[in-house]
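Novice: See data.cif below, with mmCIF, C-alpha atoms.
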data_input
#
loop_
_atom_site.group_PDB
_atom_site.id
_atom_site.type_symbol
_atom_site.label_atom_id
_atom_site.label_comp_id
_atom_site.auth_asym_id
_atom_site.auth_seq_id
_atom_site.Cartn_x
_atom_site.Cartn_y
_atom_site.Cartn_z
ATOM 1 C CA MET A 1241 -13.928 -5.744 15.307
ATOM 2 C CA PHE A 1242 -10.543 -7.506 15.111
ATOM 3 C CA GLU A 1243 -10.429 -9.112 18.540
ATOM 4 C CA ASN A 1244 -7.909 -11.989 18.617
ATOM 5 C CA LYS A 1245 -7.243 -11.771 14.873
ATOM 6 C CA VAL A 1246 -3.696 -12.477 13.686
ATOM 7 C CA VAL A 1247 -2.555 -9.584 11.498
ATOM 8 C CA CYS A 1248 0.632 -9.097 9.446
ATOM 9 C CA VAL A 1249 1.871 -5.720 8.200
ATOM 10 C CA THR A 1250 4.895 -5.305 5.917
ATOM 11 C CA GLY A 1251 6.884 -2.099 5.616
ATOM 12 C CA ALA A 1252 5.840 -1.198 9.147
ATOM 13 C CA SER A 1253 8.818 0.602 10.693
ATOM 14 C CA GLY A 1254 6.878 3.854 10.416
ATOM 15 C CA GLY A 1255 4.452 5.795 8.261
ATOM 16 C CA ILE A 1256 1.326 4.062 6.967
ATOM 17 C CA GLY A 1257 2.500 0.610 8.074
ATOM 18 C CA ARG A 1258 2.907 1.684 11.670
ATOM 19 C CA GLY A 1259 -0.423 3.509 11.603
ATOM 20 C CA LEU A 1260 -2.181 0.387 10.328
ATOM 21 C CA ALA A 1261 -0.528 -1.778 12.969
ATOM 22 C CA GLU A 1262 -1.515 0.608 15.754
ATOM 23 C CA MET A 1263 -5.148 0.568 14.652
ATOM 24 C CA PHE A 1264 -5.344 -3.228 14.653
ATOM 25 C CA ILE A 1265 -3.622 -3.438 18.035
ATOM 26 C CA ALA A 1266 -6.131 -0.952 19.465
ATOM 27 C CA GLU A 1267 -8.878 -3.215 18.133
ATOM 28 C CA GLY A 1268 -7.535 -6.247 20.001
ATOM 29 C CA ALA A 1269 -5.583 -7.987 17.236
ATOM 30 C CA SER A 1270 -2.274 -9.821 17.599
ATOM 31 C CA VAL A 1271 -0.023 -7.927 15.187
ATOM 32 C CA ALA A 1272 3.235 -8.934 13.504
ATOM 33 C CA ILE A 1273 5.169 -6.188 11.742
ATOM 34 C CA SER A 1274 8.094 -6.502 9.362
ATOM 35 C CA ASP A 1275 10.589 -4.484 7.380
ATOM 36 C CA LEU A 1276 13.980 -4.980 5.738
ATOM 37 C CA ASP A 1277 15.422 -4.748 9.237
ATOM 38 C CA ALA A 1278 13.255 -6.032 12.067
ATOM 39 C CA PRO A 1279 11.401 -2.937 13.376
ATOM 40 C CA SER A 1280 12.094 -3.847 16.993
ATOM 41 C CA ALA A 1281 11.885 -0.297 18.383
ATOM 42 C CA THR A 1282 8.533 0.272 16.703
ATOM 43 C CA ALA A 1283 7.263 -3.107 17.878
ATOM 44 C CA THR A 1284 8.208 -2.318 21.472
ATOM 45 C CA GLU A 1285 6.548 1.092 21.309
ATOM 46 C CA ILE A 1286 3.225 -0.112 19.909
ATOM 47 C CA GLY A 1287 2.971 -3.646 21.297
ATOM 48 C CA ALA A 1288 3.622 -5.689 18.157
ATOM 49 C CA GLN A 1289 6.114 -8.439 17.348
ATOM 50 C CA ALA A 1290 8.929 -7.617 14.943
ATOM 51 C CA TYR A 1291 10.165 -9.711 12.027
ATOM 52 C CA THR A 1292 12.539 -9.266 9.110
ATOM 53 C CA CYS A 1293 11.097 -9.492 5.600
ATOM 54 C CA ASP A 1294 12.405 -8.433 2.207
ATOM 55 C CA VAL A 1295 9.198 -8.512 0.162
ATOM 56 C CA SER A 1296 11.159 -8.485 -3.099
ATOM 57 C CA LYS A 1297 12.274 -12.050 -2.365
ATOM 58 C CA GLU A 1298 9.727 -14.877 -2.305
ATOM 59 C CA ALA A 1299 11.702 -16.977 0.177
ATOM 60 C CA SER A 1300 11.763 -14.083 2.643
ATOM 61 C CA VAL A 1301 7.996 -13.542 2.349
ATOM 62 C CA LYS A 1302 7.331 -17.247 2.850
ATOM 63 C CA ASP A 1303 9.633 -17.305 5.872
ATOM 64 C CA PHE A 1304 7.862 -14.294 7.402
ATOM 65 C CA ILE A 1305 4.449 -15.884 6.974
ATOM 66 C CA SER A 1306 5.680 -19.219 8.307
ATOM 67 C CA GLN A 1307 7.307 -17.623 11.369
ATOM 68 C CA VAL A 1308 4.182 -15.623 12.217
ATOM 69 C CA GLN A 1309 1.989 -18.700 11.917
ATOM 70 C CA ASN A 1310 4.326 -20.707 14.116
ATOM 71 C CA ASP A 1311 4.328 -17.939 16.737
ATOM 72 C CA HIS A 1312 0.688 -16.816 16.628
ATOM 73 C CA GLY A 1313 -1.345 -19.333 14.643
ATOM 74 C CA PRO A 1314 -3.133 -18.941 11.288
ATOM 75 C CA ILE A 1315 -3.001 -15.468 9.737
ATOM 76 C CA ASP A 1316 -6.382 -13.767 9.390
ATOM 77 C CA ILE A 1317 -5.396 -10.467 7.769
ATOM 78 C CA TYR A 1318 -2.327 -9.687 5.661
ATOM 79 C CA LEU A 1319 -1.452 -6.087 4.843
ATOM 80 C CA SER A 1320 0.980 -5.817 1.941
ATOM 81 C CA ASN A 1321 2.155 -2.301 2.677
ATOM 82 C CA ALA A 1322 5.851 -2.115 1.729
ATOM 83 C CA GLY A 1323 6.500 0.122 -1.277
ATOM 84 C CA VAL A 1324 9.225 1.990 -3.143
ATOM 85 C CA GLY A 1325 9.361 4.828 -5.632
ATOM 86 C CA SER A 1326 11.964 6.486 -7.838
ATOM 87 C CA GLU A 1327 12.099 9.420 -10.240
ATOM 88 C CA ASN A 1328 11.962 9.109 -14.029
ATOM 89 C CA GLY A 1329 15.234 10.769 -14.847
ATOM 90 C CA LYS A 1330 15.428 13.086 -17.852
ATOM 91 C CA PHE A 1331 12.821 11.129 -19.833
ATOM 92 C CA VAL A 1332 9.724 9.177 -18.828
ATOM 93 C CA ALA A 1333 11.517 5.835 -19.145
ATOM 94 C CA GLY A 1334 14.854 7.242 -18.064
ATOM 95 C CA ALA A 1335 15.165 5.444 -14.742
ATOM 96 C CA SER A 1336 17.497 2.470 -14.633
ATOM 97 C CA ASN A 1337 16.393 -1.101 -15.256
ATOM 98 C CA GLU A 1338 17.358 -1.823 -11.669
ATOM 99 C CA SER A 1339 14.974 0.801 -10.274
ATOM 100 C CA TRP A 1340 12.134 -0.423 -12.490
ATOM 101 C CA GLU A 1341 12.783 -4.013 -11.425
ATOM 102 C CA LEU A 1342 12.888 -3.049 -7.753
ATOM 103 C CA ALA A 1343 9.564 -1.207 -8.086
ATOM 104 C CA TRP A 1344 8.042 -4.261 -9.749
ATOM 105 C CA GLN A 1345 9.369 -6.679 -7.155
ATOM 106 C CA VAL A 1346 8.372 -4.614 -4.112
ATOM 107 C CA ASN A 1347 5.147 -2.964 -5.282
ATOM 108 C CA VAL A 1348 3.709 -5.977 -7.109
ATOM 109 C CA MET A 1349 5.535 -9.258 -6.588
ATOM 110 C CA GLY A 1350 5.721 -8.803 -2.819
ATOM 111 C CA SER A 1351 1.931 -9.090 -2.795
ATOM 112 C CA VAL A 1352 1.999 -11.949 -5.309
ATOM 113 C CA TYR A 1353 4.396 -13.931 -3.122
ATOM 114 C CA ALA A 1354 2.225 -13.406 -0.038
ATOM 115 C CA ALA A 1355 -1.005 -14.269 -1.847
ATOM 116 C CA ARG A 1356 0.630 -17.392 -3.281
ATOM 117 C CA ALA A 1357 1.576 -18.520 0.223
ATOM 118 C CA LEU A 1358 -1.737 -17.662 1.896
ATOM 119 C CA MET A 1359 -4.517 -18.448 -0.569
ATOM 120 C CA PRO A 1360 -4.494 -22.266 -0.375
ATOM 121 C CA SER A 1361 -5.014 -22.319 3.401
ATOM 122 C CA TRP A 1362 -7.450 -19.389 3.292
ATOM 123 C CA VAL A 1363 -9.598 -21.099 0.678
ATOM 124 C CA GLN A 1364 -9.528 -24.282 2.749
ATOM 125 C CA ARG A 1365 -10.551 -22.312 5.848
ATOM 126 C CA GLY A 1366 -13.167 -20.346 3.921
ATOM 127 C CA GLY A 1367 -11.836 -16.964 5.020
ATOM 128 C CA GLY A 1368 -8.996 -14.460 4.981
ATOM 129 C CA ARG A 1369 -8.470 -10.774 4.247
ATOM 130 C CA PHE A 1370 -5.743 -9.404 1.953
ATOM 131 C CA VAL A 1371 -5.033 -5.667 1.949
ATOM 132 C CA ILE A 1372 -2.722 -3.930 -0.520
ATOM 133 C CA THR A 1373 -1.472 -0.399 0.009
ATOM 134 C CA ALA A 1374 -1.383 0.894 -3.546
ATOM 135 C CA SER A 1375 -1.744 4.663 -3.924
ATOM 136 C CA ALA A 1376 -3.951 7.181 -5.654
ATOM 137 C CA ALA A 1377 -1.262 6.788 -8.324
ATOM 138 C CA GLY A 1378 -2.648 3.302 -8.899
ATOM 139 C CA LEU A 1379 -5.985 4.815 -9.915
ATOM 140 C CA LEU A 1380 -4.624 8.017 -11.432
ATOM 141 C CA ASN A 1381 -0.925 8.728 -12.014
ATOM 142 C CA GLN A 1382 2.187 10.021 -10.278
ATOM 143 C CA ILE A 1383 3.919 12.879 -12.026
ATOM 144 C CA GLY A 1384 7.652 12.257 -12.252
ATOM 145 C CA SER A 1385 7.652 8.503 -11.597
ATOM 146 C CA ALA A 1386 6.366 6.224 -14.334
ATOM 147 C CA SER A 1387 7.711 3.144 -12.543
ATOM 148 C CA TYR A 1388 5.722 3.996 -9.418
ATOM 149 C CA SER A 1389 2.533 4.661 -11.383
ATOM 150 C CA CYS A 1390 2.820 1.520 -13.503
ATOM 151 C CA THR A 1391 3.490 -0.801 -10.593
ATOM 152 C CA LYS A 1392 0.804 0.744 -8.398
ATOM 153 C CA HIS A 1393 -1.730 0.258 -11.221
ATOM 154 C CA ALA A 1394 -0.668 -3.390 -11.269
ATOM 155 C CA ALA A 1395 -1.088 -3.581 -7.486
ATOM 156 C CA VAL A 1396 -4.688 -2.349 -7.770
ATOM 157 C CA SER A 1397 -5.358 -4.950 -10.452
ATOM 158 C CA LEU A 1398 -3.943 -7.728 -8.286
ATOM 159 C CA ALA A 1399 -6.172 -6.706 -5.380
ATOM 160 C CA GLU A 1400 -9.149 -6.793 -7.741
ATOM 161 C CA SER A 1401 -8.137 -10.220 -9.021
ATOM 162 C CA ILE A 1402 -7.980 -11.640 -5.505
ATOM 163 C CA LEU A 1403 -11.563 -10.571 -4.841
ATOM 164 C CA ILE A 1404 -12.815 -11.683 -8.261
ATOM 165 C CA GLU A 1405 -11.179 -15.099 -8.109
ATOM 166 C CA HIS A 1406 -11.719 -15.921 -4.435
ATOM 167 C CA GLY A 1407 -14.474 -13.659 -3.134
ATOM 168 C CA ASP A 1408 -17.028 -16.443 -3.387
ATOM 169 C CA GLN A 1409 -14.740 -18.613 -1.268
ATOM 170 C CA GLY A 1410 -14.856 -16.215 1.669
ATOM 171 C CA ILE A 1411 -11.709 -14.229 0.829
ATOM 172 C CA LYS A 1412 -11.904 -10.452 1.252
ATOM 173 C CA SER A 1413 -9.651 -7.967 -0.527
ATOM 174 C CA HIS A 1414 -9.129 -4.227 -0.081
ATOM 175 C CA CYS A 1415 -6.933 -1.704 -1.860
ATOM 176 C CA ILE A 1416 -5.764 1.438 -0.054
ATOM 177 C CA CYS A 1417 -5.320 4.380 -2.440
ATOM 178 C CA PRO A 1418 -4.362 7.563 -0.593
ATOM 179 C CA GLN A 1419 -2.702 10.630 -2.000
ATOM 180 C CA TYR A 1420 0.088 12.059 0.140
ATOM 181 C CA VAL A 1421 0.513 10.709 3.678
ATOM 182 C CA ARG A 1422 3.171 11.824 6.143
ATOM 183 C CA SER A 1423 5.998 9.282 6.014
ATOM 184 C CA ASN A 1424 9.669 8.941 5.155
ATOM 185 C CA MET A 1425 8.682 8.709 1.490
ATOM 186 C CA THR A 1426 6.975 12.129 1.531
ATOM 187 C CA LYS A 1427 9.423 13.854 3.884
ATOM 188 C CA GLY A 1428 10.705 17.009 2.195
ATOM 189 C CA MET A 1429 8.570 16.408 -0.908
ATOM 190 C CA ALA A 1430 7.221 19.796 -2.035
ATOM 191 C CA MET A 1431 4.246 18.258 -3.864
ATOM 192 C CA ALA A 1432 3.217 16.480 -0.664
ATOM 193 C CA GLU A 1433 3.697 19.393 1.706
ATOM 194 C CA LYS A 1434 1.709 21.757 -0.512
ATOM 195 C CA SER A 1435 -0.953 19.346 -1.794
ATOM 196 C CA LYS A 1436 -4.303 21.122 -2.084
ATOM 197 C CA ASP A 1437 -6.038 17.915 -0.969
ATOM 198 C CA GLY A 1438 -4.015 17.725 2.221
ATOM 199 C CA LEU A 1439 -1.136 15.746 3.668
ATOM 200 C CA LEU A 1440 -2.801 13.106 5.847
ATOM 201 C CA GLU A 1441 -1.449 11.340 8.916
ATOM 202 C CA PRO A 1442 -0.996 7.532 8.960
ATOM 203 C CA ARG A 1443 -3.849 7.202 11.477
ATOM 204 C CA ASP A 1444 -6.191 8.754 8.876
ATOM 205 C CA VAL A 1445 -5.351 5.925 6.477
ATOM 206 C CA ALA A 1446 -5.851 3.326 9.208
ATOM 207 C CA ASN A 1447 -9.246 4.765 10.116
ATOM 208 C CA ALA A 1448 -10.261 4.776 6.444
ATOM 209 C CA LEU A 1449 -9.362 1.080 6.185
ATOM 210 C CA LYS A 1450 -11.316 0.277 9.336
ATOM 211 C CA ALA A 1451 -14.373 2.031 7.889
ATOM 212 C CA ALA A 1452 -14.004 0.277 4.523
ATOM 213 C CA ILE A 1453 -13.784 -3.138 6.190
ATOM 214 C CA ALA A 1454 -16.891 -2.378 8.263
ATOM 215 C CA ALA A 1455 -18.752 -1.339 5.103
ATOM 216 C CA ASP A 1456 -17.295 -4.238 3.054
ATOM 217 C CA GLU A 1457 -15.886 -1.795 0.479
ATOM 218 C CA PHE A 1458 -12.993 -2.735 -1.796
ATOM 219 C CA LEU A 1459 -11.485 0.697 -2.384
ATOM 220 C CA VAL A 1460 -10.090 2.529 0.616
ATOM 221 C CA LEU A 1461 -9.916 6.248 -0.164
ATOM 222 C CA PRO A 1462 -8.499 8.274 2.746
ATOM 223 C CA HIS A 1463 -8.719 11.300 0.432
ATOM 224 C CA PRO A 1464 -12.394 11.010 -0.681
ATOM 225 C CA VAL A 1465 -11.788 13.413 -3.575
ATOM 226 C CA VAL A 1466 -9.763 10.672 -5.303
ATOM 227 C CA LYS A 1467 -13.079 9.031 -6.197
ATOM 228 C CA ASP A 1468 -14.075 12.146 -8.146
ATOM 229 C CA TYR A 1469 -10.719 12.257 -9.910
ATOM 230 C CA PHE A 1470 -10.991 8.556 -10.744
ATOM 231 C CA ILE A 1471 -14.456 8.984 -12.251
ATOM 232 C CA ASN A 1472 -13.315 12.042 -14.208
ATOM 233 C CA ARG A 1473 -10.338 10.097 -15.549
ATOM 234 C CA ALA A 1474 -12.623 7.335 -16.817
ATOM 235 C CA VAL A 1475 -15.341 9.567 -18.274
ATOM 236 C CA HIS A 1476 -13.272 12.502 -19.521
ATOM 237 C CA THR A 1477 -9.911 10.881 -20.219
ATOM 238 C CA ASP A 1478 -8.522 13.487 -22.609
ATOM 239 C CA ALA A 1479 -9.473 16.342 -20.314
ATOM 240 C CA TYR A 1480 -7.906 14.497 -17.377
ATOM 241 C CA LEU A 1481 -4.634 13.968 -19.252
ATOM 242 C CA SER A 1482 -4.607 17.598 -20.341
ATOM 243 C CA GLY A 1483 -5.109 18.648 -16.742
ATOM 244 C CA MET A 1484 -2.248 16.407 -15.606
ATOM 245 C CA ARG A 1485 0.055 18.005 -18.203
ATOM 246 C CA LYS A 1486 -0.851 21.437 -16.856
ATOM 247 C CA LEU A 1487 -0.186 20.210 -13.310
ATOM 248 C CA LYS A 1488 3.194 18.853 -14.409
ATOM 249 C CA GLU A 1489 4.091 22.233 -15.874
ATOM 250 C CA LYS A 1490 2.979 23.986 -12.696
ATOM 251 C CA VAL A 1491 4.975 21.609 -10.524
ATOM 252 C CA GLY A 1492 8.011 22.007 -12.754
ATOM 253 C CA LYS A 1493 7.902 25.791 -12.455
ATOM 254 C CA ALA A 1494 7.583 25.518 -8.681
ATOM 255 C CA PHE A 1495 10.711 23.359 -8.514
ATOM 256 C CA SER A 1496 12.563 25.779 -10.846
ATOM 257 C CA LYS A 1497 11.767 28.720 -8.574
ATOM 258 C CA LYS A 1498 12.816 26.731 -5.528
ATOM 259 C CA GLY A 1499 16.169 25.907 -7.127
#
Could you render the structure from this file as structure tokens?

Specialist:
Amino acid sequence: MFENKVVCVTGASGGIGRGLAEMFIAEGASVAISDLDAPSATATEIGAQAYTCDVSKEASVKDFISQVQNDHGPIDIYLSNAGVGSENGKFVAGASNESWELAWQVNVMGSVYAARALMPSWVQRGGGRFVITASAAGLLNQIGSASYSCTKHAAVSLAESILIEHGDQGIKSHCICPQYVRSNMTKGMAMAEKSKDGLLEPRDVANALKAAIAADEFLVLPHPVVKDYFINRAVHTDAYLSGMRKLKEKVGKAFSKKG
């Protein structure tokens, strides 16, 4: 399906990013992966080419895209996968300004910078595919991290905007919204390890994206139940919020017992 396509994946040292890269490589694509430090070991292991990219800085994103295009030719698919999260603190807005700003820059502006660099040439070519790894938190919410939830909601909206504004010009957009997936971010996280909907492997996310692309579907839901939760949130908002408060209380008690 992706034979000879040039694919970029950010945040690809491990976890979801590595799983996505491996899937595209298996499908015959030429894959460039990046992270804050060039993921050279990962690249060697999976057959990709490693680059350095700090997605919170526009110049770094532009340099990454430029380097890949110089090395491999025009980019066909860009996967904006890098993400960060932090806890609220004592109150919902208790996290520092710095942590909120970092979440905004990485989870939202990293995709903005890439889209800004790619869209003109994609529109001229009449094709391109932009994929954002958001989270189920971008459709629902993440207990304990308002900054993560807010920025992931914004990431979903950006992915929608790309398709709305440029879909008729041949540009495709997809938004990946899993619940918990095994990665450094979920390592040791009690909510992830004990999730009733399951802790997925990165390859499960990659396979879900492959299926969504084949079906030309915008939302990529590795945990299919997220669709039901999303519908319930929209139709029965008060009941959904009440349920989330009960879940928060349950999670809080679990942490108290653990401590």

Novice: Tell me which residues the PyMOL selection byres ((chain A and resi 1438-1454) around 6) grabs here, as a list in words.

Specialist: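 In the shown coordinates, the PyMOL selection byres ((chain A and resi 1438-1454) around 6) covers Gly1255, Ile1256, Gly1259, Leu1260, Tyr1420, Val1421, Arg1422, Ser1435, Lys1436, Asp1437, Ala1455, Asp1456, Glu1457, Val1460 and Pro1462 of chain A.
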
Novice: Quick one: residues within 12 Å of A:Ser1401, all atoms listed in the file counted, chain neighbours fewer than 2 positions away excluded, as a list in words?

Specialist: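 Near A:Ser1401, the qualifying residues are Ser1351, Val1352, Ala1355, Phe1370, Ile1372, Ala1394, Ala1395, Val1396, Ser1397, Leu1398, Ala1399, Leu1403, Ile1404, Glu1405, His1406, Gly1407, Ile1411, Lys1412, Ser1413, His1414, Cys1415 and Phe1458 of chain A.
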
Novice: Restricting the calculation to only C-alpha atoms: of A:Phe1331, A:Val1348, A:Arg1258, A:Met1241, which residue gets closest to A:Thr1284?

Specialist: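 Closest to A:Thr1284, using only C-alpha atoms: A:Arg1258.
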
Novice: Would you write out, as a PyMOL selection string, every residue that the PyMOL selection byres ((chain A and resi 1328) around 10) captures in this file?

Specialist: chain A and resi 1325-1327+1329-1336+1339-1340+1383-1388

Novice: What are the closest atom pairs, with distances in Å to one decimal, for all residues of stretch 1286-1324 of chain A lying within 12 Å of stretch 1363-1366 of chain A? Consider only C-alpha atoms, order rows by chain and residue number, and present the result as JSON lines.

Specialist:
{"residue": "A:Pro1314", "atom": "CA", "partner": "A:Arg1365", "partner_atom": "CA", "distance": 9.8}
{"residue": "A:Ile1315", "atom": "CA", "partner": "A:Arg1365", "partner_atom": "CA", "distance": 10.9}
{"residue": "A:Asp1316", "atom": "CA", "partner": "A:Arg1365", "partner_atom": "CA", "distance": 10.1}

Novice: Is it possible to add N, CA and C atoms to stretch 1446-1476 of chain A and hand it back as a PDB file, in the frame of the given file?

Specialist:
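The file below, selection-v8.pdb, is the result:
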ATOM      1  N   ALA A1446      -5.396   4.472   8.418  1.00  0.00           N
ATOM      2  CA  ALA A1446      -5.851   3.326   9.208  1.00  0.00           C
ATOM      3  C   ALA A1446      -7.340   3.409   9.501  1.00  0.00           C
ATOM      4  N   ASN A1447      -7.813   4.591   9.839  1.00  0.00           N
ATOM      5  CA  ASN A1447      -9.246   4.765  10.116  1.00  0.00           C
ATOM      6  C   ASN A1447     -10.086   4.562   8.863  1.00  0.00           C
ATOM      7  N   ALA A1448      -9.547   4.977   7.711  1.00  0.00           N
ATOM      8  CA  ALA A1448     -10.261   4.776   6.444  1.00  0.00           C
ATOM      9  C   ALA A1448     -10.371   3.288   6.135  1.00  0.00           C
ATOM     10  N   LEU A1449      -9.315   2.531   6.410  1.00  0.00           N
ATOM     11  CA  LEU A1449      -9.362   1.080   6.185  1.00  0.00           C
ATOM     12  C   LEU A1449     -10.382   0.437   7.123  1.00  0.00           C
ATOM     13  N   LYS A1450     -10.361   0.817   8.369  1.00  0.00           N
ATOM     14  CA  LYS A1450     -11.316   0.277   9.336  1.00  0.00           C
ATOM     15  C   LYS A1450     -12.749   0.506   8.868  1.00  0.00           C
ATOM     16  N   ALA A1451     -13.027   1.710   8.376  1.00  0.00           N
ATOM     17  CA  ALA A1451     -14.373   2.031   7.889  1.00  0.00           C
ATOM     18  C   ALA A1451     -14.721   1.223   6.649  1.00  0.00           C
ATOM     19  N   ALA A1452     -13.755   1.037   5.749  1.00  0.00           N
ATOM     20  CA  ALA A1452     -14.004   0.277   4.523  1.00  0.00           C
ATOM     21  C   ALA A1452     -14.281  -1.191   4.837  1.00  0.00           C
ATOM     22  N   ILE A1453     -13.549  -1.752   5.804  1.00  0.00           N
ATOM     23  CA  ILE A1453     -13.784  -3.138   6.190  1.00  0.00           C
ATOM     24  C   ILE A1453     -15.185  -3.284   6.787  1.00  0.00           C
ATOM     25  N   ALA A1454     -15.568  -2.332   7.637  1.00  0.00           N
ATOM     26  CA  ALA A1454     -16.891  -2.378   8.263  1.00  0.00           C
ATOM     27  C   ALA A1454     -17.998  -2.288   7.215  1.00  0.00           C
ATOM     28  N   ALA A1455     -17.750  -1.523   6.162  1.00  0.00           N
ATOM     29  CA  ALA A1455     -18.752  -1.339   5.103  1.00  0.00           C
ATOM     30  C   ALA A1455     -18.601  -2.360   3.984  1.00  0.00           C
ATOM     31  N   ASP A1456     -17.593  -3.240   4.079  1.00  0.00           N
ATOM     32  CA  ASP A1456     -17.295  -4.238   3.054  1.00  0.00           C
ATOM     33  C   ASP A1456     -17.055  -3.572   1.694  1.00  0.00           C
ATOM     34  N   GLU A1457     -16.226  -2.526   1.695  1.00  0.00           N
ATOM     35  CA  GLU A1457     -15.886  -1.795   0.479  1.00  0.00           C
ATOM     36  C   GLU A1457     -14.472  -2.135   0.035  1.00  0.00           C
ATOM     37  N   PHE A1458     -14.297  -2.359  -1.249  1.00  0.00           N
ATOM     38  CA  PHE A1458     -12.993  -2.735  -1.796  1.00  0.00           C
ATOM     39  C   PHE A1458     -12.005  -1.578  -1.755  1.00  0.00           C
ATOM     40  N   LEU A1459     -12.391  -0.447  -2.326  1.00  0.00           N
ATOM     41  CA  LEU A1459     -11.485   0.697  -2.384  1.00  0.00           C
ATOM     42  C   LEU A1459     -11.463   1.442  -1.060  1.00  0.00           C
ATOM     43  N   VAL A1460     -10.272   1.737  -0.593  1.00  0.00           N
ATOM     44  CA  VAL A1460     -10.090   2.529   0.616  1.00  0.00           C
ATOM     45  C   VAL A1460      -9.508   3.872   0.174  1.00  0.00           C
ATOM     46  N   LEU A1461     -10.297   4.932   0.343  1.00  0.00           N
ATOM     47  CA  LEU A1461      -9.916   6.248  -0.164  1.00  0.00           C
ATOM     48  C   LEU A1461      -9.826   7.253   0.982  1.00  0.00           C
ATOM     49  N   PRO A1462      -8.668   7.318   1.652  1.00  0.00           N
ATOM     50  CA  PRO A1462      -8.499   8.274   2.746  1.00  0.00           C
ATOM     51  C   PRO A1462      -8.715   9.714   2.310  1.00  0.00           C
ATOM     52  N   HIS A1463      -8.367  10.021   1.043  1.00  0.00           N
ATOM     53  CA  HIS A1463      -8.719  11.300   0.432  1.00  0.00           C
ATOM     54  C   HIS A1463      -9.965  11.041  -0.430  1.00  0.00           C
ATOM     55  N   PRO A1464     -11.170  11.326   0.066  1.00  0.00           N
ATOM     56  CA  PRO A1464     -12.394  11.010  -0.681  1.00  0.00           C
ATOM     57  C   PRO A1464     -12.445  11.614  -2.079  1.00  0.00           C
ATOM     58  N   VAL A1465     -11.753  12.736  -2.283  1.00  0.00           N
ATOM     59  CA  VAL A1465     -11.788  13.413  -3.575  1.00  0.00           C
ATOM     60  C   VAL A1465     -11.180  12.548  -4.679  1.00  0.00           C
ATOM     61  N   VAL A1466     -10.368  11.561  -4.306  1.00  0.00           N
ATOM     62  CA  VAL A1466      -9.763  10.672  -5.303  1.00  0.00           C
ATOM     63  C   VAL A1466     -10.849   9.958  -6.104  1.00  0.00           C
ATOM     64  N   LYS A1467     -11.974   9.666  -5.478  1.00  0.00           N
ATOM     65  CA  LYS A1467     -13.079   9.031  -6.197  1.00  0.00           C
ATOM     66  C   LYS A1467     -13.558   9.913  -7.338  1.00  0.00           C
ATOM     67  N   ASP A1468     -13.654  11.213  -7.096  1.00  0.00           N
ATOM     68  CA  ASP A1468     -14.075  12.146  -8.146  1.00  0.00           C
ATOM     69  C   ASP A1468     -13.046  12.200  -9.263  1.00  0.00           C
ATOM     70  N   TYR A1469     -11.779  12.236  -8.902  1.00  0.00           N
ATOM     71  CA  TYR A1469     -10.719  12.257  -9.910  1.00  0.00           C
ATOM     72  C   TYR A1469     -10.741  10.978 -10.746  1.00  0.00           C
ATOM     73  N   PHE A1470     -10.969   9.852 -10.078  1.00  0.00           N
ATOM     74  CA  PHE A1470     -10.991   8.556 -10.744  1.00  0.00           C
ATOM     75  C   PHE A1470     -12.140   8.484 -11.751  1.00  0.00           C
ATOM     76  N   ILE A1471     -13.300   8.961 -11.349  1.00  0.00           N
ATOM     77  CA  ILE A1471     -14.456   8.984 -12.251  1.00  0.00           C
ATOM     78  C   ILE A1471     -14.184   9.915 -13.427  1.00  0.00           C
ATOM     79  N   ASN A1472     -13.624  11.085 -13.150  1.00  0.00           N
ATOM     80  CA  ASN A1472     -13.315  12.042 -14.208  1.00  0.00           C
ATOM     81  C   ASN A1472     -12.315  11.461 -15.197  1.00  0.00           C
ATOM     82  N   ARG A1473     -11.330  10.727 -14.683  1.00  0.00           N
ATOM     83  CA  ARG A1473     -10.338  10.097 -15.549  1.00  0.00           C
ATOM     84  C   ARG A1473     -10.992   9.105 -16.509  1.00  0.00           C
ATOM     85  N   ALA A1474     -11.960   8.341 -15.992  1.00  0.00           N
ATOM     86  CA  ALA A1474     -12.623   7.335 -16.817  1.00  0.00           C
ATOM     87  C   ALA A1474     -13.581   7.952 -17.838  1.00  0.00           C
ATOM     88  N   VAL A1475     -14.301   8.987 -17.423  1.00  0.00           N
ATOM     89  CA  VAL A1475     -15.341   9.567 -18.274  1.00  0.00           C
ATOM     90  C   VAL A1475     -14.794  10.637 -19.213  1.00  0.00           C
ATOM     91  N   HIS A1476     -13.827  11.394 -18.725  1.00  0.00           N
ATOM     92  CA  HIS A1476     -13.272  12.502 -19.521  1.00  0.00           C
ATOM     93  C   HIS A1476     -11.753  12.343 -19.609  1.00  0.00           C
TER      94      HIS A1476
END
